[in-house]
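So this one's structure.pdb, PDB, C-alpha atoms and all ligand atoms:
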ATOM      1  CA  MET Y  30      49.269 -19.766  -3.484
ATOM      2  CA  ASN Y  31      47.900 -22.785  -1.615
ATOM      3  CA  ASP Y  32      44.077 -22.514  -1.316
ATOM      4  CA  GLU Y  33      44.155 -23.966   2.187
ATOM      5  CA  LEU Y  34      46.003 -20.961   3.534
ATOM      6  CA  LYS Y  35      44.175 -18.478   5.702
ATOM      7  CA  ILE Y  36      44.371 -14.981   4.335
ATOM      8  CA  PRO Y  37      44.305 -12.201   6.934
ATOM      9  CA  VAL Y  38      41.229 -10.017   6.449
ATOM     10  CA  HIS Y  39      43.038  -6.780   7.269
ATOM     11  CA  VAL Y  40      46.741  -6.403   6.557
ATOM     12  CA  GLY Y  41      48.780  -3.360   7.618
ATOM     13  CA  ILE Y  42      52.021  -2.598   5.823
ATOM     14  CA  ILE Y  43      54.613  -0.203   7.231
ATOM     15  CA  MET Y  44      56.516   0.437   4.026
ATOM     16  CA  ASP Y  45      59.961   1.139   5.453
ATOM     17  CA  GLY Y  46      63.503   1.151   4.099
ATOM     18  CA  ASN Y  47      63.149   3.065   0.825
ATOM     19  CA  GLY Y  48      66.007   5.427   1.662
ATOM     20  CA  ARG Y  49      68.411   2.650   2.665
ATOM     21  CA  TRP Y  50      67.454   0.618  -0.417
ATOM     22  CA  ALA Y  51      68.545   3.509  -2.632
ATOM     23  CA  GLN Y  52      71.630   4.447  -0.623
ATOM     24  CA  GLU Y  53      72.937   0.892  -0.744
ATOM     25  CA  ARG Y  54      72.752   1.137  -4.526
ATOM     26  CA  GLY Y  55      74.600   4.442  -4.593
ATOM     27  CA  MET Y  56      71.436   6.369  -5.421
ATOM     28  CA  VAL Y  57      69.748   9.271  -3.688
ATOM     29  CA  ARG Y  58      67.125   8.350  -1.078
ATOM     30  CA  THR Y  59      64.253   9.611  -3.195
ATOM     31  CA  MET Y  60      64.958   6.946  -5.832
ATOM     32  CA  GLY Y  61      63.920   4.432  -3.199
ATOM     33  CA  HIS Y  62      60.530   6.118  -2.893
ATOM     34  CA  LYS Y  63      60.128   5.981  -6.647
ATOM     35  CA  SER Y  64      60.977   2.316  -6.728
ATOM     36  CA  ALA Y  65      58.498   1.682  -3.910
ATOM     37  CA  ILE Y  66      55.673   2.759  -6.224
ATOM     38  CA  ASN Y  67      56.406  -0.140  -8.597
ATOM     39  CA  THR Y  68      56.474  -2.563  -5.690
ATOM     40  CA  LEU Y  69      53.179  -1.185  -4.466
ATOM     41  CA  LYS Y  70      51.542  -1.665  -7.862
ATOM     42  CA  GLU Y  71      52.577  -5.321  -7.892
ATOM     43  CA  LEU Y  72      51.518  -5.837  -4.279
ATOM     44  CA  CYS Y  73      48.070  -4.293  -4.688
ATOM     45  CA  ALA Y  74      47.291  -6.521  -7.667
ATOM     46  CA  HIS Y  75      48.585  -9.529  -5.750
ATOM     47  CA  MET Y  76      46.616  -8.755  -2.601
ATOM     48  CA  ALA Y  77      43.407  -8.357  -4.604
ATOM     49  CA  GLU Y  78      44.173 -11.681  -6.294
ATOM     50  CA  VAL Y  79      44.771 -13.668  -3.095
ATOM     51  CA  GLY Y  80      41.700 -12.188  -1.418
ATOM     52  CA  VAL Y  81      42.942  -9.662   1.117
ATOM     53  CA  LYS Y  82      39.856  -7.564   1.936
ATOM     54  CA  TYR Y  83      41.449  -4.570   3.656
ATOM     55  CA  CYS Y  84      44.971  -3.239   3.491
ATOM     56  CA  SER Y  85      46.235  -0.242   5.434
ATOM     57  CA  LEU Y  86      49.376   1.218   3.896
ATOM     58  CA  TYR Y  87      51.581   3.524   5.948
ATOM     59  CA  ALA Y  88      52.717   6.015   3.314
ATOM     60  CA  PHE Y  89      53.661   9.097   5.351
ATOM     61  CA  SER Y  90      53.534   9.660   9.092
ATOM     62  CA  THR Y  91      52.700  12.908  10.897
ATOM     63  CA  GLU Y  92      56.336  12.784  12.082
ATOM     64  CA  ASN Y  93      57.709  12.463   8.539
ATOM     65  CA  PHE Y  94      57.253  16.240   8.161
ATOM     66  CA  LYS Y  95      60.429  16.484  10.268
ATOM     67  CA  ARG Y  96      62.416  15.360   7.223
ATOM     68  CA  ASP Y  97      64.385  17.554   4.888
ATOM     69  CA  LYS Y  98      61.991  19.886   3.001
ATOM     70  CA  LYS Y  99      63.209  18.575  -0.343
ATOM     71  CA  GLU Y 100      62.415  14.966   0.528
ATOM     72  CA  VAL Y 101      58.951  15.950   1.793
ATOM     73  CA  LYS Y 102      58.294  17.915  -1.390
ATOM     74  CA  PHE Y 103      59.488  15.003  -3.522
ATOM     75  CA  LEU Y 104      57.167  12.634  -1.678
ATOM     76  CA  MET Y 105      54.143  14.949  -1.999
ATOM     77  CA  ASN Y 106      54.753  15.297  -5.745
ATOM     78  CA  LEU Y 107      55.231  11.552  -6.046
ATOM     79  CA  PHE Y 108      51.916  10.936  -4.253
ATOM     80  CA  VAL Y 109      50.091  13.265  -6.628
ATOM     81  CA  SER Y 110      51.664  11.885  -9.818
ATOM     82  CA  SER Y 111      51.356   8.198  -8.856
ATOM     83  CA  PHE Y 112      47.807   8.513  -7.552
ATOM     84  CA  LYS Y 113      46.788  10.228 -10.788
ATOM     85  CA  LYS Y 114      48.543   7.627 -12.894
ATOM     86  CA  GLU Y 115      47.501   4.471 -11.052
ATOM     87  CA  TYR Y 116      44.067   4.951  -9.581
ATOM     88  CA  ILE Y 117      42.039   4.233 -12.734
ATOM     89  CA  LYS Y 118      43.472   0.705 -12.963
ATOM     90  CA  LEU Y 119      42.722   0.105  -9.302
ATOM     91  CA  LYS Y 120      39.230   1.519  -9.725
ATOM     92  CA  GLU Y 121      38.586  -0.841 -12.661
ATOM     93  CA  ARG Y 122      39.826  -3.764 -10.571
ATOM     94  CA  GLY Y 123      37.124  -3.044  -7.982
ATOM     95  CA  VAL Y 124      39.461  -1.511  -5.403
ATOM     96  CA  ARG Y 125      38.077   1.107  -3.049
ATOM     97  CA  ILE Y 126      40.649   3.661  -1.919
ATOM     98  CA  VAL Y 127      40.272   5.634   1.297
ATOM     99  CA  PHE Y 128      42.739   7.914   3.054
ATOM    100  CA  SER Y 129      43.497   8.255   6.748
ATOM    101  CA  GLY Y 130      45.311  11.151   8.331
ATOM    102  CA  ARG Y 131      45.146  14.864   8.981
ATOM    103  CA  ARG Y 132      44.493  17.134   6.041
ATOM    104  CA  GLU Y 133      46.621  19.922   7.518
ATOM    105  CA  PRO Y 134      49.327  20.703   6.307
ATOM    106  CA  LEU Y 135      49.023  18.556   3.145
ATOM    107  CA  PRO Y 136      49.375  20.569  -0.079
ATOM    108  CA  GLN Y 137      46.140  21.401  -1.919
ATOM    109  CA  GLU Y 138      47.106  19.229  -4.926
ATOM    110  CA  VAL Y 139      47.355  16.202  -2.643
ATOM    111  CA  LEU Y 140      43.987  16.989  -1.030
ATOM    112  CA  ASP Y 141      42.325  17.439  -4.422
ATOM    113  CA  ILE Y 142      43.469  14.102  -5.812
ATOM    114  CA  ILE Y 143      42.715  12.156  -2.630
ATOM    115  CA  ASP Y 144      39.203  13.639  -2.548
ATOM    116  CA  GLN Y 145      38.672  12.726  -6.183
ATOM    117  CA  ILE Y 146      39.908   9.147  -5.702
ATOM    118  CA  THR Y 147      37.849   8.642  -2.548
ATOM    119  CA  GLU Y 148      34.721   9.794  -4.368
ATOM    120  CA  GLU Y 149      35.355   7.858  -7.567
ATOM    121  CA  THR Y 150      36.105   4.528  -5.897
ATOM    122  CA  LYS Y 151      33.504   4.621  -3.153
ATOM    123  CA  VAL Y 152      31.171   2.082  -4.782
ATOM    124  CA  ASN Y 153      33.941  -0.557  -4.983
ATOM    125  CA  SER Y 154      34.431  -3.250  -2.379
ATOM    126  CA  ASP Y 155      36.751  -6.011  -3.673
ATOM    127  CA  LEU Y 156      39.723  -4.695  -1.729
ATOM    128  CA  VAL Y 157      39.727  -1.604   0.469
ATOM    129  CA  LEU Y 158      43.065   0.218   0.374
ATOM    130  CA  ASN Y 159      43.407   2.526   3.335
ATOM    131  CA  VAL Y 160      46.279   4.863   2.510
ATOM    132  CA  CYS Y 161      47.654   6.381   5.712
ATOM    133  CA  LEU Y 162      49.004   9.748   4.644
ATOM    134  CA  ASN Y 163      50.015  12.340   7.214
ATOM    135  CA  TYR Y 164      48.796   9.668   9.597
ATOM    136  CA  GLY Y 165      49.691   9.214  13.244
ATOM    137  CA  SER Y 166      47.875   7.052  15.736
ATOM    138  CA  HIS Y 167      48.245   9.729  18.425
ATOM    139  CA  ALA Y 168      46.793  12.405  16.124
ATOM    140  CA  GLU Y 169      43.951  10.003  15.285
ATOM    141  CA  THR Y 170      43.230   9.529  18.992
ATOM    142  CA  VAL Y 171      43.149  13.300  19.568
ATOM    143  CA  ASP Y 172      40.848  13.769  16.555
ATOM    144  CA  MET Y 173      38.587  10.931  17.688
ATOM    145  CA  VAL Y 174      38.232  12.393  21.194
ATOM    146  CA  LYS Y 175      37.386  15.818  19.745
ATOM    147  CA  LYS Y 176      34.795  14.294  17.411
ATOM    148  CA  ILE Y 177      33.135  12.493  20.297
ATOM    149  CA  CYS Y 178      33.213  15.602  22.541
ATOM    150  CA  GLU Y 179      31.510  17.630  19.795
ATOM    151  CA  GLN Y 180      28.697  15.074  19.622
ATOM    152  CA  TYR Y 181      28.372  15.099  23.399
ATOM    153  CA  LYS Y 182      28.343  18.899  23.511
ATOM    154  CA  LYS Y 183      25.545  19.033  20.938
ATOM    155  CA  GLY Y 184      23.551  16.553  23.028
ATOM    156  CA  ASP Y 185      23.633  13.934  20.252
ATOM    157  CA  ILE Y 186      25.077  11.243  22.529
ATOM    158  CA  SER Y 187      25.173  10.405  26.223
ATOM    159  CA  LEU Y 188      28.155   8.974  28.133
ATOM    160  CA  ASP Y 189      26.579   5.525  27.985
ATOM    161  CA  ASP Y 190      26.808   5.579  24.184
ATOM    162  CA  ILE Y 191      30.589   5.534  24.404
ATOM    163  CA  ASP Y 192      31.793   1.966  24.171
ATOM    164  CA  GLU Y 193      34.513   0.189  22.184
ATOM    165  CA  GLU Y 194      32.411   0.018  19.020
ATOM    166  CA  PHE Y 195      31.598   3.678  19.264
ATOM    167  CA  ILE Y 196      35.276   4.551  19.618
ATOM    168  CA  GLN Y 197      36.034   2.431  16.550
ATOM    169  CA  ARG Y 198      33.314   4.154  14.506
ATOM    170  CA  ASN Y 199      34.825   7.524  15.341
ATOM    171  CA  MET Y 200      38.313   6.688  14.110
ATOM    172  CA  TYR Y 201      39.400   7.943  10.679
ATOM    173  CA  GLN Y 202      37.995   4.748   9.137
ATOM    174  CA  ASP Y 203      35.588   2.165  10.464
ATOM    175  CA  LEU Y 204      37.500  -0.939   9.357
ATOM    176  CA  PRO Y 205      37.857  -4.373  10.957
ATOM    177  CA  PRO Y 206      40.818  -4.717  13.339
ATOM    178  CA  LEU Y 207      44.255  -5.437  11.905
ATOM    179  CA  ASP Y 208      45.027  -9.151  11.700
ATOM    180  CA  PHE Y 209      48.553  -8.879  10.416
ATOM    181  CA  VAL Y 210      51.082  -6.034  10.481
ATOM    182  CA  ILE Y 211      54.145  -6.249   8.252
ATOM    183  CA  ARG Y 212      57.030  -3.809   8.675
ATOM    184  CA  THR Y 213      59.805  -4.120   6.130
ATOM    185  CA  SER Y 214      63.500  -3.228   6.621
ATOM    186  CA  GLY Y 215      64.028  -5.065   9.907
ATOM    187  CA  GLU Y 216      62.956  -2.252  12.246
ATOM    188  CA  LEU Y 217      61.006  -3.630  15.191
ATOM    189  CA  ARG Y 218      58.592  -0.826  16.024
ATOM    190  CA  LEU Y 219      55.219   0.586  15.071
ATOM    191  CA  SER Y 220      56.260   4.240  14.689
ATOM    192  CA  ASN Y 221      52.774   5.513  15.572
ATOM    193  CA  PHE Y 222      50.896   3.175  13.179
ATOM    194  CA  MET Y 223      47.345   2.141  14.136
ATOM    195  CA  LEU Y 224      48.064   1.392  17.785
ATOM    196  CA  TYR Y 225      44.400   0.846  18.681
ATOM    197  CA  GLN Y 226      43.608  -1.235  15.606
ATOM    198  CA  ALA Y 227      46.649  -3.490  16.052
ATOM    199  CA  SER Y 228      45.736  -4.669  19.552
ATOM    200  CA  TYR Y 229      45.533  -8.363  18.562
ATOM    201  CA  ALA Y 230      47.424  -8.259  15.283
ATOM    202  CA  GLU Y 231      50.215 -10.672  14.478
ATOM    203  CA  PHE Y 232      53.511  -8.946  13.603
ATOM    204  CA  TYR Y 233      56.031  -9.783  10.932
ATOM    205  CA  PHE Y 234      59.320  -7.978  10.397
ATOM    206  CA  PRO Y 235      61.094  -9.100   7.224
ATOM    207  CA  GLN Y 236      64.640  -7.805   6.672
ATOM    208  CA  VAL Y 237      64.018  -6.720   3.070
ATOM    209  CA  TYR Y 238      63.579  -3.061   2.289
ATOM    210  CA  PHE Y 239      60.155  -2.137   0.967
ATOM    211  CA  PRO Y 240      61.181  -1.780  -2.716
ATOM    212  CA  ASP Y 241      62.134  -5.504  -2.594
ATOM    213  CA  PHE Y 242      58.933  -6.594  -0.844
ATOM    214  CA  ASN Y 243      57.351  -8.210  -3.915
ATOM    215  CA  SER Y 244      54.550 -10.783  -4.304
ATOM    216  CA  GLU Y 245      56.910 -13.604  -3.399
ATOM    217  CA  GLU Y 246      57.850 -11.866  -0.155
ATOM    218  CA  PHE Y 247      54.160 -11.276   0.530
ATOM    219  CA  ASP Y 248      53.463 -14.995   0.083
ATOM    220  CA  LYS Y 249      56.232 -15.790   2.581
ATOM    221  CA  ALA Y 250      54.531 -13.415   5.000
ATOM    222  CA  ILE Y 251      51.231 -15.256   4.545
ATOM    223  CA  LEU Y 252      52.939 -18.578   5.269
ATOM    224  CA  GLU Y 253      54.305 -17.080   8.472
ATOM    225  CA  PHE Y 254      50.828 -15.773   9.400
ATOM    226  CA  ASN Y 255      49.488 -19.299   9.015
ATOM    227  CA  LYS Y 256      51.959 -20.582  11.594
ATOM    228  CA  ARG Y 257      50.672 -18.230  14.267
ATOM    229  CA  LYS Y 258      48.211 -19.373  16.897
ATOM    230  CA  ARG Y 259      45.879 -16.544  17.726
ATOM    231  CA  ARG Y 260      44.112 -16.757  21.032
ATOM    232  CA  PHE Y 261      42.546 -13.348  21.619
ATOM    233  CA  GLY Y 262      42.884 -13.941  25.320
ATOM    234  CA  GLY Y 263      41.102 -17.284  25.141
ATOM    235  CA  VAL Y 264      42.473 -20.812  25.075
ATOM    236  CA  GLU Y 265      44.148 -22.636  22.237
ATOM    237  CA  ASN Y 266      41.266 -24.813  20.974
ATOM    238  CA  GLU Y 267      39.244 -21.652  20.428
ATOM    239  CA  THR Y 268      41.796 -20.142  18.048
ATOM    240  CA  LYS Y 269      40.528 -18.232  15.091
ATOM    241  CA  ASN Y 270      42.945 -17.197  12.418
ATOM    242  CA  SER Y 271      41.577 -14.476  10.227
TER     243      SER Y 271
HETATM  244  C1  LIG O   1      59.802   4.641   4.185
HETATM  245  O1  LIG O   1      61.143   4.608   3.847
HETATM  246  C2  LIG O   1      59.038   5.707   3.438
HETATM  247  C3  LIG O   1      58.584   6.831   4.253
HETATM  248  C4  LIG O   1      58.739   6.943   5.538
HETATM  249  C5  LIG O   1      57.913   7.913   3.558
HETATM  250  P1  LIG O   1      62.197   5.561   4.566
HETATM  251  O2  LIG O   1      62.265   6.844   3.810
HETATM  252  O3  LIG O   1      61.877   5.691   6.003
HETATM  253  O4  LIG O   1      63.543   4.762   4.360
HETATM  254  P2  LIG O   1      64.658   4.516   5.460
HETATM  255  O5  LIG O   1      63.984   3.892   6.628
HETATM  256  O6  LIG O   1      65.234   5.850   5.782
HETATM  257  O7  LIG O   1      65.620   3.595   4.800
HETATM  258  C1  LIG O   2      57.413   4.876   9.490
HETATM  259  O1  LIG O   2      58.705   4.852   8.999
HETATM  260  C2  LIG O   2      56.527   5.682   8.579
HETATM  261  C3  LIG O   2      56.280   5.124   7.263
HETATM  262  C4  LIG O   2      56.737   3.994   6.805
HETATM  263  C5  LIG O   2      55.439   5.911   6.421
HETATM  264  P1  LIG O   2      59.818   5.870   9.526
HETATM  265  O2  LIG O   2      61.047   5.556   8.765
HETATM  266  O3  LIG O   2      59.307   7.258   9.463
HETATM  267  O4  LIG O   2      59.935   5.447  11.059
HETATM  268  P2  LIG O   2      61.118   5.653  12.105
HETATM  269  O5  LIG O   2      61.436   7.123  12.106
HETATM  270  O6  LIG O   2      62.281   4.841  11.629
HETATM  271  O7  LIG O   2      60.569   5.147  13.389
HETATM  272 MG    MG O   3      62.366   4.596   7.654
END
Output the structure of this file as structure tokens.
Amino acid sequence: MNDELKIPVHVGIIMDGNGRWAQERGMVRTMGHKSAINTLKELCAHMAEVGVKYCSLYAFSTENFKRDKKEVKFLMNLFVSSFKKEYIKLKERGVRIVFSGRREPLPQEVLDIIDQITEETKVNSDLVLNVCLNYGSHAETVDMVKKICEQYKKGDISLDDIDEEFIQRNMYQDLPPLDFVIRTSGELRLSNFMLYQASYAEFYFPQVYFPDFNSEEFDKAILEFNKRKRRFGGVENETKNS
């Protein structure tokens, strides 16, 4: 990719369209989830290569528990098997992996492997992969408010300590704000993904389903990001694009 291009510091990817990808090929929906893992492997390597520093991946929303039990079970098993299979390579590449979302009601096997991966990759810093699993922005807001109230109740903080930075530090992860949010499959919504963190993000909605969102598609997204003029409420000659 062209060296002159600005690379967003924090990219969010809403990995949507797995089911439709499979159905259009006459396969069961779950085959789309399986195929998404291969895409993800390619994308992670590519993002590390081009210099993305933080990537938040929407893997499973709090609302996705509404799906058919069999699909949920398939996804949980797929998370466990792919995490176990892939994390060593990511760890060796210098990738730090963190997880955002509620632990309840994730199965114990999922919790065990995510705890292990978080611990084993915590010294890395080349690329931070924030895997949003059983994640919902509304749930995160509720959890953040409770966390802050606990601190207040214990007398550890006063009301004056609560400012925007403090709110940010009490989210699931203290990461820089999202610069660029990509949602595949042509849907034009956030579906409860990082509402607070995306306040000044640029949005990109490619038509392709996630299993087809390869490195080439990612590069197209970066080209689109470079066309955007970010103002952050200021005026044009003060634009900053990362
Ligand atoms: C995204 O693909 C993956 C998850 C939500 C877990 P979908 O499963 O939502 O696929 P579509 O949108 O139904 O095609
Ligand atoms: C959002 O996709 C969640 C993930 C990609 C993990 P959904 O497919 O669940 O979103 P809706 O239901 O179409 O809004
Ligand atoms: Mg979907």
Find the spatial neighbours of Y:Lys176, counting all atoms listed in the file, within a cut-off of 12 Å - ignore same-chain residues fewer than 3 positions away - and output them as an mmCIF file with C-alpha atoms, keeping the file's coordinate frame.
data_model
loop_
_atom_site.group_PDB
_atom_site.id
_atom_site.type_symbol
_atom_site.label_atom_id
_atom_site.label_comp_id
_atom_site.auth_asym_id
_atom_site.auth_seq_id
_atom_site.Cartn_x
_atom_site.Cartn_y
_atom_site.Cartn_z
ATOM 1 C CA GLU Y 169 43.951 10.003 15.285
ATOM 2 C CA THR Y 170 43.230 9.529 18.992
ATOM 3 C CA VAL Y 171 43.149 13.300 19.568
ATOM 4 C CA ASP Y 172 40.848 13.769 16.555
ATOM 5 C CA MET Y 173 38.587 10.931 17.688
ATOM 6 C CA GLU Y 179 31.510 17.630 19.795
ATOM 7 C CA GLN Y 180 28.697 15.074 19.622
ATOM 8 C CA TYR Y 181 28.372 15.099 23.399
ATOM 9 C CA LYS Y 182 28.343 18.899 23.511
ATOM 10 C CA LYS Y 183 25.545 19.033 20.938
ATOM 11 C CA ASP Y 185 23.633 13.934 20.252
ATOM 12 C CA ILE Y 186 25.077 11.243 22.529
ATOM 13 C CA ILE Y 191 30.589 5.534 24.404
ATOM 14 C CA PHE Y 195 31.598 3.678 19.264
ATOM 15 C CA ILE Y 196 35.276 4.551 19.618
ATOM 16 C CA GLN Y 197 36.034 2.431 16.550
ATOM 17 C CA ARG Y 198 33.314 4.154 14.506
ATOM 18 C CA ASN Y 199 34.825 7.524 15.341
ATOM 19 C CA MET Y 200 38.313 6.688 14.110
ATOM 20 C CA TYR Y 201 39.400 7.943 10.679
#
Residue contacts of Y:Val57 (8 Å, all atoms listed in the file) excluding same-chain residues fewer than 5 positions away, as a list in words
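Skipping anything fewer than 5 positions along the chain leaves Gly48, Ala51 and Gln52 of chain Y.
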Of the residues Y:Leu140, Y:Ala250, Y:Ile36, Y:Leu219, which is the one nearest to ligand MG 3 (chain O), using all atoms listed in the file?
Y:Leu219
Could you tell me which residues the PyMOL selection byres (((not hetatm)) within 8 of (chain O and resi 3)) returns for this structure, as a PyMOL selection string?
chain Y and resi 45-48+214
Taking only C-alpha atoms and all ligand atoms and a cut-off of 6 Å, can you tell me which residues surround ligand LIG 2 (chain O), written as a PyMOL selection string?
chain Y and resi 43-45+87-90+93+220
Please, what is the axis-aligned box for every listed atom of ligand LIG 1 (chain O) with 3 Å on each side, as centre and edge lengths in Å to one decimal, as AutoDock Vina command-line options?
--center_x 61.8 --center_y 5.8 --center_z 5.0 --size_x 13.7 --size_y 10.3 --size_z 9.2
Residues picked by the PyMOL selection byres (((chain Y and resi 132-137) around 12) and not hetatm) here, as a ChimeraX atom specification?
/Y:89-91,93-94,101-102,104-106,108-109,128-131,138-144,161-165,168-169,172,201
Can you pull out every residue within 12 Å of Y:Ala227, counting only C-alpha atoms, but drop anything in the same chain fewer than 5 positions away, and send it as a PDB file with C-alpha atoms, in the coordinates of the input?
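Wrote it out as selection_33.pdb, contents follow:
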ATOM      1  CA  HIS Y  39      43.038  -6.780   7.269  1.00  0.00           C
ATOM      2  CA  VAL Y  40      46.741  -6.403   6.557  1.00  0.00           C
ATOM      3  CA  GLY Y  41      48.780  -3.360   7.618  1.00  0.00           C
ATOM      4  CA  ILE Y  42      52.021  -2.598   5.823  1.00  0.00           C
ATOM      5  CA  SER Y  85      46.235  -0.242   5.434  1.00  0.00           C
ATOM      6  CA  SER Y 166      47.875   7.052  15.736  1.00  0.00           C
ATOM      7  CA  LEU Y 204      37.500  -0.939   9.357  1.00  0.00           C
ATOM      8  CA  PRO Y 205      37.857  -4.373  10.957  1.00  0.00           C
ATOM      9  CA  PRO Y 206      40.818  -4.717  13.339  1.00  0.00           C
ATOM     10  CA  LEU Y 207      44.255  -5.437  11.905  1.00  0.00           C
ATOM     11  CA  ASP Y 208      45.027  -9.151  11.700  1.00  0.00           C
ATOM     12  CA  PHE Y 209      48.553  -8.879  10.416  1.00  0.00           C
ATOM     13  CA  VAL Y 210      51.082  -6.034  10.481  1.00  0.00           C
ATOM     14  CA  ILE Y 211      54.145  -6.249   8.252  1.00  0.00           C
ATOM     15  CA  LEU Y 219      55.219   0.586  15.071  1.00  0.00           C
ATOM     16  CA  ASN Y 221      52.774   5.513  15.572  1.00  0.00           C
ATOM     17  CA  PHE Y 222      50.896   3.175  13.179  1.00  0.00           C
ATOM     18  CA  PHE Y 232      53.511  -8.946  13.603  1.00  0.00           C
TER      19      PHE Y 232
END
My list of candidates is Y:Val157, Y:Leu107, Y:Ile251, Y:Cys73. Which is closest to ligand LIG 1 (chain O) when distances are computed with all atoms listed in the file?
Y:Leu107
Which of these residues is nearest to Y:Thr147, using all atoms listed in the file: Y:Cys178, Y:Phe112, Y:Tyr225, Y:Pro235?
Y:Phe112
My list of candidates is Y:Val264, Y:Ala74, Y:Val237, Y:Ala230. Which is closest to ligand LIG 1 (chain O) when distances are computed with only C-alpha atoms and all ligand atoms?
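Between Y:Val264, Y:Ala74, Y:Val237, Y:Ala230, the residue approaching ligand LIG 1 (chain O) most closely is Y:Val237.
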Pick the closest to Y:Trp50 from Y:Lys113, Y:Gly262, Y:Pro240, Y:Ser154: which is it, counting all atoms listed in the file?
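Nearest candidate to Y:Trp50 out of Y:Lys113, Y:Gly262, Y:Pro240, Y:Ser154: Y:Pro240.
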